[in-house]
Amino acid sequence: MDHKYRITAGLIGGIGALALLTQIGLNLARDGQGLGATLWALAGFFTILTNALMAATLLTIATTGRRLSFGWMTMVTMSMIVVGLIYHLMLAHLYNFSGLTWWTDQAFHSILPALMVWFWLMETTRNAPRGGQPVWWLIWPAGYAAYGLGRGALTGWYPYPFLDVGALGAGAVAVNVAGLVLAFAALGVALNAIGQRMPLRDQVVAR
C-alpha cells in the first residue's frame, strides 16, 4: 500500500484521537467527576461516538496498511457529514465556546468532517455496486437514535434538543427522527452514486 495513504490516515485519525482526549480532559477538569462518569456522559453524544468511530477507523488503516471496504468508509463519511451539518444548521447558535473547548468543538464539527470527506474522495477504494448498500449504512445513526432515546427515557437527559421527549413530546421527536433517517438515506444514496464513479484503486480490501 502507498505509504502516503497510511500516513494521511494516521494524521487524520491522530487529530481525532487528540480532540477526543482533550475533550475528556476538559470534562474531567470542569465536572470533577471520575473517568468512568466522564466517559459515560460523553458517550451520550452522536458527535463523540462518530468521531471516535472515525478515529478508530483511520488509525486502523494507518497501523494495518489495509484499505477498508467502500461501504464502511462511506458509512463513516456519511455520519461525519451529518455531524457537521446538524451542528452548524441546528445547534451552533446555542453555544459560545472559547479556548480549548472552542478547538475541540471546531475539530469535531468542522475540521474532521471536512478531512474525512477529503480522505474519502481522494483515497477510498471503490467496490463494485451492491444493491441496498446505503440501507445498511443507516444502522449506525438508527442504532444511535434508539440508544439515545432509551438512555433519555431512563435518565431524563437527552443529548440534543430535537430528541428531548420531555420537552417536545413523543410525536414530535418521532417526526424529527424520521426526518433525520430520511436525510441520512438521501445522503447515503448520493454518496453511493458518487463513489461508484470513482476510479478503482488497489484491490487489497477488507470485505
# chains A, B, ... in the order shown; residues from 1 in each chain; ligands from 1
>>> residues_around(residues="Ser79 of chain A", least_positions_apart="4", cutoff="8 Å", atoms="only C-alpha atoms", output="ChimeraX atom specification")
/A:50,75,83,141,184
>>> closest_residue(among="A:Phe70, A:Tyr95, A:Tyr144, A:Trp40", to="Glu123 of chain A", atoms="only C-alpha atoms")
A:Phe70
>>> residues_around(residues="segment 132-140 of chain A", least_positions_apart="4", cutoff="9 Å", atoms="only C-alpha atoms", output="MDAnalysis selection string")
chainID A and resid 50 71:72 74:76 78:79 144:145 181 184:189 191:192
>>> residues_around(residues="segment 162-176 of chain A", least_positions_apart="6", cutoff="12 Å", atoms="only C-alpha atoms", output="PDB file with N, CA and C atoms, in the first residue's frame")
ATOM      1  N   GLY A  44     -22.961   9.854  25.451  1.00  0.00           N
ATOM      2  CA  GLY A  44     -24.341  10.155  25.106  1.00  0.00           C
ATOM      3  C   GLY A  44     -24.480  10.901  23.790  1.00  0.00           C
ATOM      4  N   PHE A  45     -23.372  11.416  23.254  1.00  0.00           N
ATOM      5  CA  PHE A  45     -23.435  12.285  22.080  1.00  0.00           C
ATOM      6  C   PHE A  45     -23.052  11.534  20.805  1.00  0.00           C
ATOM      7  N   PHE A  46     -23.886  11.687  19.792  1.00  0.00           N
ATOM      8  CA  PHE A  46     -23.581  11.117  18.473  1.00  0.00           C
ATOM      9  C   PHE A  46     -22.270  11.674  17.936  1.00  0.00           C
ATOM     10  N   ILE A  86     -25.719  18.964  11.015  1.00  0.00           N
ATOM     11  CA  ILE A  86     -26.684  19.174  12.098  1.00  0.00           C
ATOM     12  C   ILE A  86     -26.179  20.232  13.072  1.00  0.00           C
ATOM     13  N   TYR A  87     -24.895  20.163  13.385  1.00  0.00           N
ATOM     14  CA  TYR A  87     -24.356  21.135  14.325  1.00  0.00           C
ATOM     15  C   TYR A  87     -24.471  22.554  13.768  1.00  0.00           C
ATOM     16  N   MET A  90     -28.327  23.552  13.173  1.00  0.00           N
ATOM     17  CA  MET A  90     -29.315  23.480  14.243  1.00  0.00           C
ATOM     18  C   MET A  90     -28.794  23.788  15.637  1.00  0.00           C
ATOM     19  N   LEU A  91     -27.492  23.639  15.869  1.00  0.00           N
ATOM     20  CA  LEU A  91     -27.009  23.686  17.252  1.00  0.00           C
ATOM     21  C   LEU A  91     -25.967  24.761  17.539  1.00  0.00           C
ATOM     22  N   TYR A 144     -28.006   4.658  17.029  1.00  0.00           N
ATOM     23  CA  TYR A 144     -27.778   5.736  17.992  1.00  0.00           C
ATOM     24  C   TYR A 144     -29.108   6.345  18.437  1.00  0.00           C
ATOM     25  N   ALA A 145     -30.043   6.545  17.502  1.00  0.00           N
ATOM     26  CA  ALA A 145     -31.332   7.138  17.867  1.00  0.00           C
ATOM     27  C   ALA A 145     -32.035   6.279  18.913  1.00  0.00           C
ATOM     28  N   ALA A 146     -32.022   4.960  18.708  1.00  0.00           N
ATOM     29  CA  ALA A 146     -32.642   4.062  19.687  1.00  0.00           C
ATOM     30  C   ALA A 146     -31.911   4.137  21.022  1.00  0.00           C
ATOM     31  N   TYR A 147     -30.603   4.148  20.962  1.00  0.00           N
ATOM     32  CA  TYR A 147     -29.789   4.234  22.181  1.00  0.00           C
ATOM     33  C   TYR A 147     -30.015   5.561  22.901  1.00  0.00           C
ATOM     34  N   GLY A 148     -29.982   6.669  22.160  1.00  0.00           N
ATOM     35  CA  GLY A 148     -30.155   7.982  22.771  1.00  0.00           C
ATOM     36  C   GLY A 148     -31.524   8.146  23.416  1.00  0.00           C
ATOM     37  N   LEU A 149     -32.559   7.655  22.723  1.00  0.00           N
ATOM     38  CA  LEU A 149     -33.907   7.767  23.278  1.00  0.00           C
ATOM     39  C   LEU A 149     -34.093   6.835  24.474  1.00  0.00           C
ATOM     40  N   GLY A 150     -33.530   5.638  24.373  1.00  0.00           N
ATOM     41  CA  GLY A 150     -33.623   4.714  25.505  1.00  0.00           C
ATOM     42  C   GLY A 150     -32.879   5.234  26.715  1.00  0.00           C
ATOM     43  N   ARG A 151     -31.718   5.785  26.474  1.00  0.00           N
ATOM     44  CA  ARG A 151     -30.938   6.357  27.570  1.00  0.00           C
ATOM     45  C   ARG A 151     -31.679   7.539  28.188  1.00  0.00           C
ATOM     46  N   GLY A 152     -32.269   8.368  27.338  1.00  0.00           N
ATOM     47  CA  GLY A 152     -33.028   9.510  27.844  1.00  0.00           C
ATOM     48  C   GLY A 152     -34.233   9.088  28.666  1.00  0.00           C
ATOM     49  N   ALA A 153     -34.902   8.024  28.220  1.00  0.00           N
ATOM     50  CA  ALA A 153     -36.064   7.537  28.968  1.00  0.00           C
ATOM     51  C   ALA A 153     -35.668   7.054  30.357  1.00  0.00           C
ATOM     52  N   LEU A 154     -34.465   6.509  30.484  1.00  0.00           N
ATOM     53  CA  LEU A 154     -34.007   6.005  31.779  1.00  0.00           C
ATOM     54  C   LEU A 154     -33.465   7.102  32.690  1.00  0.00           C
ATOM     55  N   THR A 155     -32.814   8.092  32.094  1.00  0.00           N
ATOM     56  CA  THR A 155     -32.119   9.104  32.902  1.00  0.00           C
ATOM     57  C   THR A 155     -32.821  10.456  32.937  1.00  0.00           C
ATOM     58  N   GLY A 156     -33.722  10.696  31.961  1.00  0.00           N
ATOM     59  CA  GLY A 156     -34.368  12.007  31.864  1.00  0.00           C
ATOM     60  C   GLY A 156     -33.521  13.046  31.157  1.00  0.00           C
ATOM     61  N   LEU A 182     -34.408   9.950   6.955  1.00  0.00           N
ATOM     62  CA  LEU A 182     -34.562  10.229   5.526  1.00  0.00           C
ATOM     63  C   LEU A 182     -33.386  11.041   4.997  1.00  0.00           C
ATOM     64  N   ALA A 183     -32.914  11.991   5.799  1.00  0.00           N
ATOM     65  CA  ALA A 183     -31.756  12.790   5.392  1.00  0.00           C
ATOM     66  C   ALA A 183     -30.519  11.907   5.254  1.00  0.00           C
TER      67      ALA A 183
END
>>> closest_residue(among="A:Ile111, A:Ile7, A:Ile15, A:Met73", to="Ala52 of chain A", atoms="only C-alpha atoms")
A:Ile15
>>> select_by_dssp(residues="segment 4-207 of chain A", states="strand (DSSP E)", output="list in words")
Arg67, Leu68, Val205 and Ala206 of chain A
>>> atom_distance(atom1="atom CA of Arg6 of chain A", atom2="atom CA of Phe108 of chain A")
21.4 Å
>>> select_by_dssp(residues="segment 33-172 of chain A", states="helix (DSSP H, G or I)", output="VMD selection string")
chain A and resid 35 to 42 46 to 64 70 to 94 99 to 123 133 to 136 139 to 155 161 to 163 165 to 168 170 to 172
>>> closest_residue(among="A:Thr64, A:Gln23, A:Asn96, A:Thr101", to="Asn51 of chain A", atoms="only C-alpha atoms")
A:Gln23
>>> atom_distance(atom1="atom CA of Arg197 of chain A", atom2="atom CA of Trp120 of chain A")
12.9 Å
>>> closest_residue(among="A:Leu100, A:Ala114, A:Ile61, A:Leu68", to="Asn27 of chain A", atoms="only C-alpha atoms")
A:Leu100
>>> closest_residue(among="A:Val177, A:Met80, A:Ile12, A:Leu85", to="Thr60 of chain A", atoms="only C-alpha atoms")
A:Ile12
>>> atom_distance(atom1="atom CA of Gly143 of chain A", atom2="atom CA of Ala107 of chain A")
23.9 Å
>>> decode(residues="segment 38-190 of chain A", atoms="C-alpha atoms", output="PDB file, in the first residue's frame")
ATOM      1  CA  THR A  38     -16.994  11.411  32.248  1.00  0.00           C
ATOM      2  CA  LEU A  39     -16.822   8.755  29.541  1.00  0.00           C
ATOM      3  CA  TRP A  40     -20.434   7.800  30.188  1.00  0.00           C
ATOM      4  CA  ALA A  41     -21.541  11.419  29.820  1.00  0.00           C
ATOM      5  CA  LEU A  42     -19.601  11.931  26.589  1.00  0.00           C
ATOM      6  CA  ALA A  43     -20.879   8.646  25.182  1.00  0.00           C
ATOM      7  CA  GLY A  44     -24.341  10.155  25.106  1.00  0.00           C
ATOM      8  CA  PHE A  45     -23.435  12.285  22.080  1.00  0.00           C
ATOM      9  CA  PHE A  46     -23.581  11.117  18.473  1.00  0.00           C
ATOM     10  CA  THR A  47     -20.789  13.582  17.738  1.00  0.00           C
ATOM     11  CA  ILE A  48     -18.400  11.946  20.198  1.00  0.00           C
ATOM     12  CA  LEU A  49     -19.265   8.380  19.213  1.00  0.00           C
ATOM     13  CA  THR A  50     -18.979   9.118  15.490  1.00  0.00           C
ATOM     14  CA  ASN A  51     -15.680  10.956  15.848  1.00  0.00           C
ATOM     15  CA  ALA A  52     -14.383   8.047  17.918  1.00  0.00           C
ATOM     16  CA  LEU A  53     -15.505   5.627  15.185  1.00  0.00           C
ATOM     17  CA  MET A  54     -13.798   7.766  12.547  1.00  0.00           C
ATOM     18  CA  ALA A  55     -10.546   7.979  14.540  1.00  0.00           C
ATOM     19  CA  ALA A  56     -10.521   4.225  15.186  1.00  0.00           C
ATOM     20  CA  THR A  57     -11.171   3.526  11.505  1.00  0.00           C
ATOM     21  CA  LEU A  58      -8.357   5.718  10.222  1.00  0.00           C
ATOM     22  CA  LEU A  59      -5.881   4.612  12.874  1.00  0.00           C
ATOM     23  CA  THR A  60      -6.677   1.004  11.915  1.00  0.00           C
ATOM     24  CA  ILE A  61      -5.806   1.819   8.311  1.00  0.00           C
ATOM     25  CA  ALA A  62      -2.602   3.528   9.423  1.00  0.00           C
ATOM     26  CA  THR A  63      -1.445   0.629  11.579  1.00  0.00           C
ATOM     27  CA  THR A  64      -2.517  -2.311   9.387  1.00  0.00           C
ATOM     28  CA  GLY A  65      -1.953  -0.824   5.928  1.00  0.00           C
ATOM     29  CA  ARG A  66      -5.269  -2.189   4.670  1.00  0.00           C
ATOM     30  CA  ARG A  67      -7.865  -0.340   2.686  1.00  0.00           C
ATOM     31  CA  LEU A  68     -11.236  -0.840   4.311  1.00  0.00           C
ATOM     32  CA  SER A  69     -14.312  -1.518   2.239  1.00  0.00           C
ATOM     33  CA  PHE A  70     -16.096   1.169   0.277  1.00  0.00           C
ATOM     34  CA  GLY A  71     -19.256   0.522   2.304  1.00  0.00           C
ATOM     35  CA  TRP A  72     -17.590   1.010   5.666  1.00  0.00           C
ATOM     36  CA  MET A  73     -15.683   4.116   4.606  1.00  0.00           C
ATOM     37  CA  THR A  74     -18.796   5.658   3.082  1.00  0.00           C
ATOM     38  CA  MET A  75     -20.884   4.954   6.185  1.00  0.00           C
ATOM     39  CA  VAL A  76     -18.288   6.678   8.366  1.00  0.00           C
ATOM     40  CA  THR A  77     -18.022   9.606   5.945  1.00  0.00           C
ATOM     41  CA  MET A  78     -21.801   9.975   5.737  1.00  0.00           C
ATOM     42  CA  SER A  79     -22.069  10.042   9.521  1.00  0.00           C
ATOM     43  CA  MET A  80     -19.319  12.645   9.829  1.00  0.00           C
ATOM     44  CA  ILE A  81     -21.018  14.847   7.231  1.00  0.00           C
ATOM     45  CA  VAL A  82     -24.257  14.729   9.222  1.00  0.00           C
ATOM     46  CA  VAL A  83     -22.371  15.576  12.439  1.00  0.00           C
ATOM     47  CA  GLY A  84     -21.169  18.783  10.781  1.00  0.00           C
ATOM     48  CA  LEU A  85     -24.442  19.674   9.073  1.00  0.00           C
ATOM     49  CA  ILE A  86     -26.684  19.174  12.098  1.00  0.00           C
ATOM     50  CA  TYR A  87     -24.356  21.135  14.325  1.00  0.00           C
ATOM     51  CA  HIS A  88     -23.957  24.123  12.028  1.00  0.00           C
ATOM     52  CA  LEU A  89     -27.598  24.219  10.931  1.00  0.00           C
ATOM     53  CA  MET A  90     -29.315  23.480  14.243  1.00  0.00           C
ATOM     54  CA  LEU A  91     -27.009  23.686  17.252  1.00  0.00           C
ATOM     55  CA  ALA A  92     -24.069  26.069  16.785  1.00  0.00           C
ATOM     56  CA  HIS A  93     -26.089  29.137  17.793  1.00  0.00           C
ATOM     57  CA  LEU A  94     -26.728  27.597  21.213  1.00  0.00           C
ATOM     58  CA  TYR A  95     -23.056  27.679  22.253  1.00  0.00           C
ATOM     59  CA  ASN A  96     -20.287  30.226  22.702  1.00  0.00           C
ATOM     60  CA  PHE A  97     -17.116  28.280  23.379  1.00  0.00           C
ATOM     61  CA  SER A  98     -13.613  29.607  23.985  1.00  0.00           C
ATOM     62  CA  GLY A  99     -10.104  28.253  24.469  1.00  0.00           C
ATOM     63  CA  LEU A 100      -9.533  24.525  24.122  1.00  0.00           C
ATOM     64  CA  THR A 101     -13.269  23.876  24.195  1.00  0.00           C
ATOM     65  CA  TRP A 102     -13.622  26.014  21.060  1.00  0.00           C
ATOM     66  CA  TRP A 103     -10.844  23.982  19.433  1.00  0.00           C
ATOM     67  CA  THR A 104     -12.419  20.615  20.178  1.00  0.00           C
ATOM     68  CA  ASP A 105     -15.805  21.928  19.074  1.00  0.00           C
ATOM     69  CA  GLN A 106     -14.359  23.025  15.734  1.00  0.00           C
ATOM     70  CA  ALA A 107     -12.399  19.797  15.378  1.00  0.00           C
ATOM     71  CA  PHE A 108     -15.436  17.573  15.942  1.00  0.00           C
ATOM     72  CA  HIS A 109     -17.907  19.563  13.849  1.00  0.00           C
ATOM     73  CA  SER A 110     -15.874  21.275  11.116  1.00  0.00           C
ATOM     74  CA  ILE A 111     -12.265  20.159  10.696  1.00  0.00           C
ATOM     75  CA  LEU A 112     -12.649  16.393  11.000  1.00  0.00           C
ATOM     76  CA  PRO A 113     -15.844  16.109   8.893  1.00  0.00           C
ATOM     77  CA  ALA A 114     -14.099  18.098   6.135  1.00  0.00           C
ATOM     78  CA  LEU A 115     -10.946  15.979   6.380  1.00  0.00           C
ATOM     79  CA  MET A 116     -12.988  12.778   6.290  1.00  0.00           C
ATOM     80  CA  VAL A 117     -14.796  13.865   3.130  1.00  0.00           C
ATOM     81  CA  TRP A 118     -11.464  14.755   1.531  1.00  0.00           C
ATOM     82  CA  PHE A 119      -9.944  11.420   2.525  1.00  0.00           C
ATOM     83  CA  TRP A 120     -12.959   9.546   1.177  1.00  0.00           C
ATOM     84  CA  LEU A 121     -12.868  11.389  -2.156  1.00  0.00           C
ATOM     85  CA  MET A 122      -9.123  11.086  -2.628  1.00  0.00           C
ATOM     86  CA  GLU A 123      -8.224   7.745  -1.090  1.00  0.00           C
ATOM     87  CA  THR A 124     -11.039   5.303  -0.545  1.00  0.00           C
ATOM     88  CA  THR A 125     -11.313   2.198  -2.698  1.00  0.00           C
ATOM     89  CA  ARG A 126     -14.362   1.739  -4.859  1.00  0.00           C
ATOM     90  CA  ASN A 127     -16.049  -1.648  -4.898  1.00  0.00           C
ATOM     91  CA  ALA A 128     -18.491  -2.961  -7.453  1.00  0.00           C
ATOM     92  CA  PRO A 129     -22.050  -1.725  -6.750  1.00  0.00           C
ATOM     93  CA  ARG A 130     -24.042  -3.864  -4.347  1.00  0.00           C
ATOM     94  CA  GLY A 131     -27.779  -3.482  -4.120  1.00  0.00           C
ATOM     95  CA  GLY A 132     -29.231  -1.964  -0.988  1.00  0.00           C
ATOM     96  CA  GLN A 133     -25.869  -0.987   0.450  1.00  0.00           C
ATOM     97  CA  PRO A 134     -26.939   2.537   1.581  1.00  0.00           C
ATOM     98  CA  VAL A 135     -29.688   0.897   3.648  1.00  0.00           C
ATOM     99  CA  TRP A 136     -27.049  -0.859   5.773  1.00  0.00           C
ATOM    100  CA  TRP A 137     -25.324   2.466   6.387  1.00  0.00           C
ATOM    101  CA  LEU A 138     -28.400   3.562   8.360  1.00  0.00           C
ATOM    102  CA  ILE A 139     -27.647   1.042  11.117  1.00  0.00           C
ATOM    103  CA  TRP A 140     -25.206   3.409  12.863  1.00  0.00           C
ATOM    104  CA  PRO A 141     -27.500   6.502  13.048  1.00  0.00           C
ATOM    105  CA  ALA A 142     -30.646   4.457  13.652  1.00  0.00           C
ATOM    106  CA  GLY A 143     -28.887   2.494  16.380  1.00  0.00           C
ATOM    107  CA  TYR A 144     -27.778   5.736  17.992  1.00  0.00           C
ATOM    108  CA  ALA A 145     -31.332   7.138  17.867  1.00  0.00           C
ATOM    109  CA  ALA A 146     -32.642   4.062  19.687  1.00  0.00           C
ATOM    110  CA  TYR A 147     -29.789   4.234  22.181  1.00  0.00           C
ATOM    111  CA  GLY A 148     -30.155   7.982  22.771  1.00  0.00           C
ATOM    112  CA  LEU A 149     -33.907   7.767  23.278  1.00  0.00           C
ATOM    113  CA  GLY A 150     -33.623   4.714  25.505  1.00  0.00           C
ATOM    114  CA  ARG A 151     -30.938   6.357  27.570  1.00  0.00           C
ATOM    115  CA  GLY A 152     -33.028   9.510  27.844  1.00  0.00           C
ATOM    116  CA  ALA A 153     -36.064   7.537  28.968  1.00  0.00           C
ATOM    117  CA  LEU A 154     -34.007   6.005  31.779  1.00  0.00           C
ATOM    118  CA  THR A 155     -32.119   9.104  32.902  1.00  0.00           C
ATOM    119  CA  GLY A 156     -34.368  12.007  31.864  1.00  0.00           C
ATOM    120  CA  TRP A 157     -31.447  13.589  29.958  1.00  0.00           C
ATOM    121  CA  TYR A 158     -31.426  13.902  26.185  1.00  0.00           C
ATOM    122  CA  PRO A 159     -28.211  14.937  24.416  1.00  0.00           C
ATOM    123  CA  TYR A 160     -29.893  17.020  21.696  1.00  0.00           C
ATOM    124  CA  PRO A 161     -32.922  19.340  21.806  1.00  0.00           C
ATOM    125  CA  PHE A 162     -34.596  17.620  18.850  1.00  0.00           C
ATOM    126  CA  LEU A 163     -34.559  14.296  20.755  1.00  0.00           C
ATOM    127  CA  ASP A 164     -35.927  15.696  24.015  1.00  0.00           C
ATOM    128  CA  VAL A 165     -39.143  13.731  24.517  1.00  0.00           C
ATOM    129  CA  GLY A 166     -39.841  15.558  27.777  1.00  0.00           C
ATOM    130  CA  ALA A 167     -39.838  18.961  26.099  1.00  0.00           C
ATOM    131  CA  LEU A 168     -41.253  18.121  22.663  1.00  0.00           C
ATOM    132  CA  GLY A 169     -43.387  15.053  23.202  1.00  0.00           C
ATOM    133  CA  ALA A 170     -43.024  11.617  21.650  1.00  0.00           C
ATOM    134  CA  GLY A 171     -44.857  12.544  18.443  1.00  0.00           C
ATOM    135  CA  ALA A 172     -42.631  15.494  17.603  1.00  0.00           C
ATOM    136  CA  VAL A 173     -39.488  13.520  18.375  1.00  0.00           C
ATOM    137  CA  ALA A 174     -40.701  10.671  16.160  1.00  0.00           C
ATOM    138  CA  VAL A 175     -41.124  13.154  13.296  1.00  0.00           C
ATOM    139  CA  ASN A 176     -37.640  14.538  13.950  1.00  0.00           C
ATOM    140  CA  VAL A 177     -36.079  11.068  13.959  1.00  0.00           C
ATOM    141  CA  ALA A 178     -37.906  10.108  10.768  1.00  0.00           C
ATOM    142  CA  GLY A 179     -36.662  13.282   9.098  1.00  0.00           C
ATOM    143  CA  LEU A 180     -33.100  12.564  10.153  1.00  0.00           C
ATOM    144  CA  VAL A 181     -33.285   8.986   8.888  1.00  0.00           C
ATOM    145  CA  LEU A 182     -34.562  10.229   5.526  1.00  0.00           C
ATOM    146  CA  ALA A 183     -31.756  12.790   5.392  1.00  0.00           C
ATOM    147  CA  PHE A 184     -29.206  10.072   6.128  1.00  0.00           C
ATOM    148  CA  ALA A 185     -30.755   7.844   3.461  1.00  0.00           C
ATOM    149  CA  ALA A 186     -30.682  10.587   0.822  1.00  0.00           C
ATOM    150  CA  LEU A 187     -27.067  11.407   1.641  1.00  0.00           C
ATOM    151  CA  GLY A 188     -26.155   7.720   1.505  1.00  0.00           C
ATOM    152  CA  VAL A 189     -27.696   7.322  -1.943  1.00  0.00           C
ATOM    153  CA  ALA A 190     -25.842  10.425  -3.164  1.00  0.00           C
TER     154      ALA A 190
END
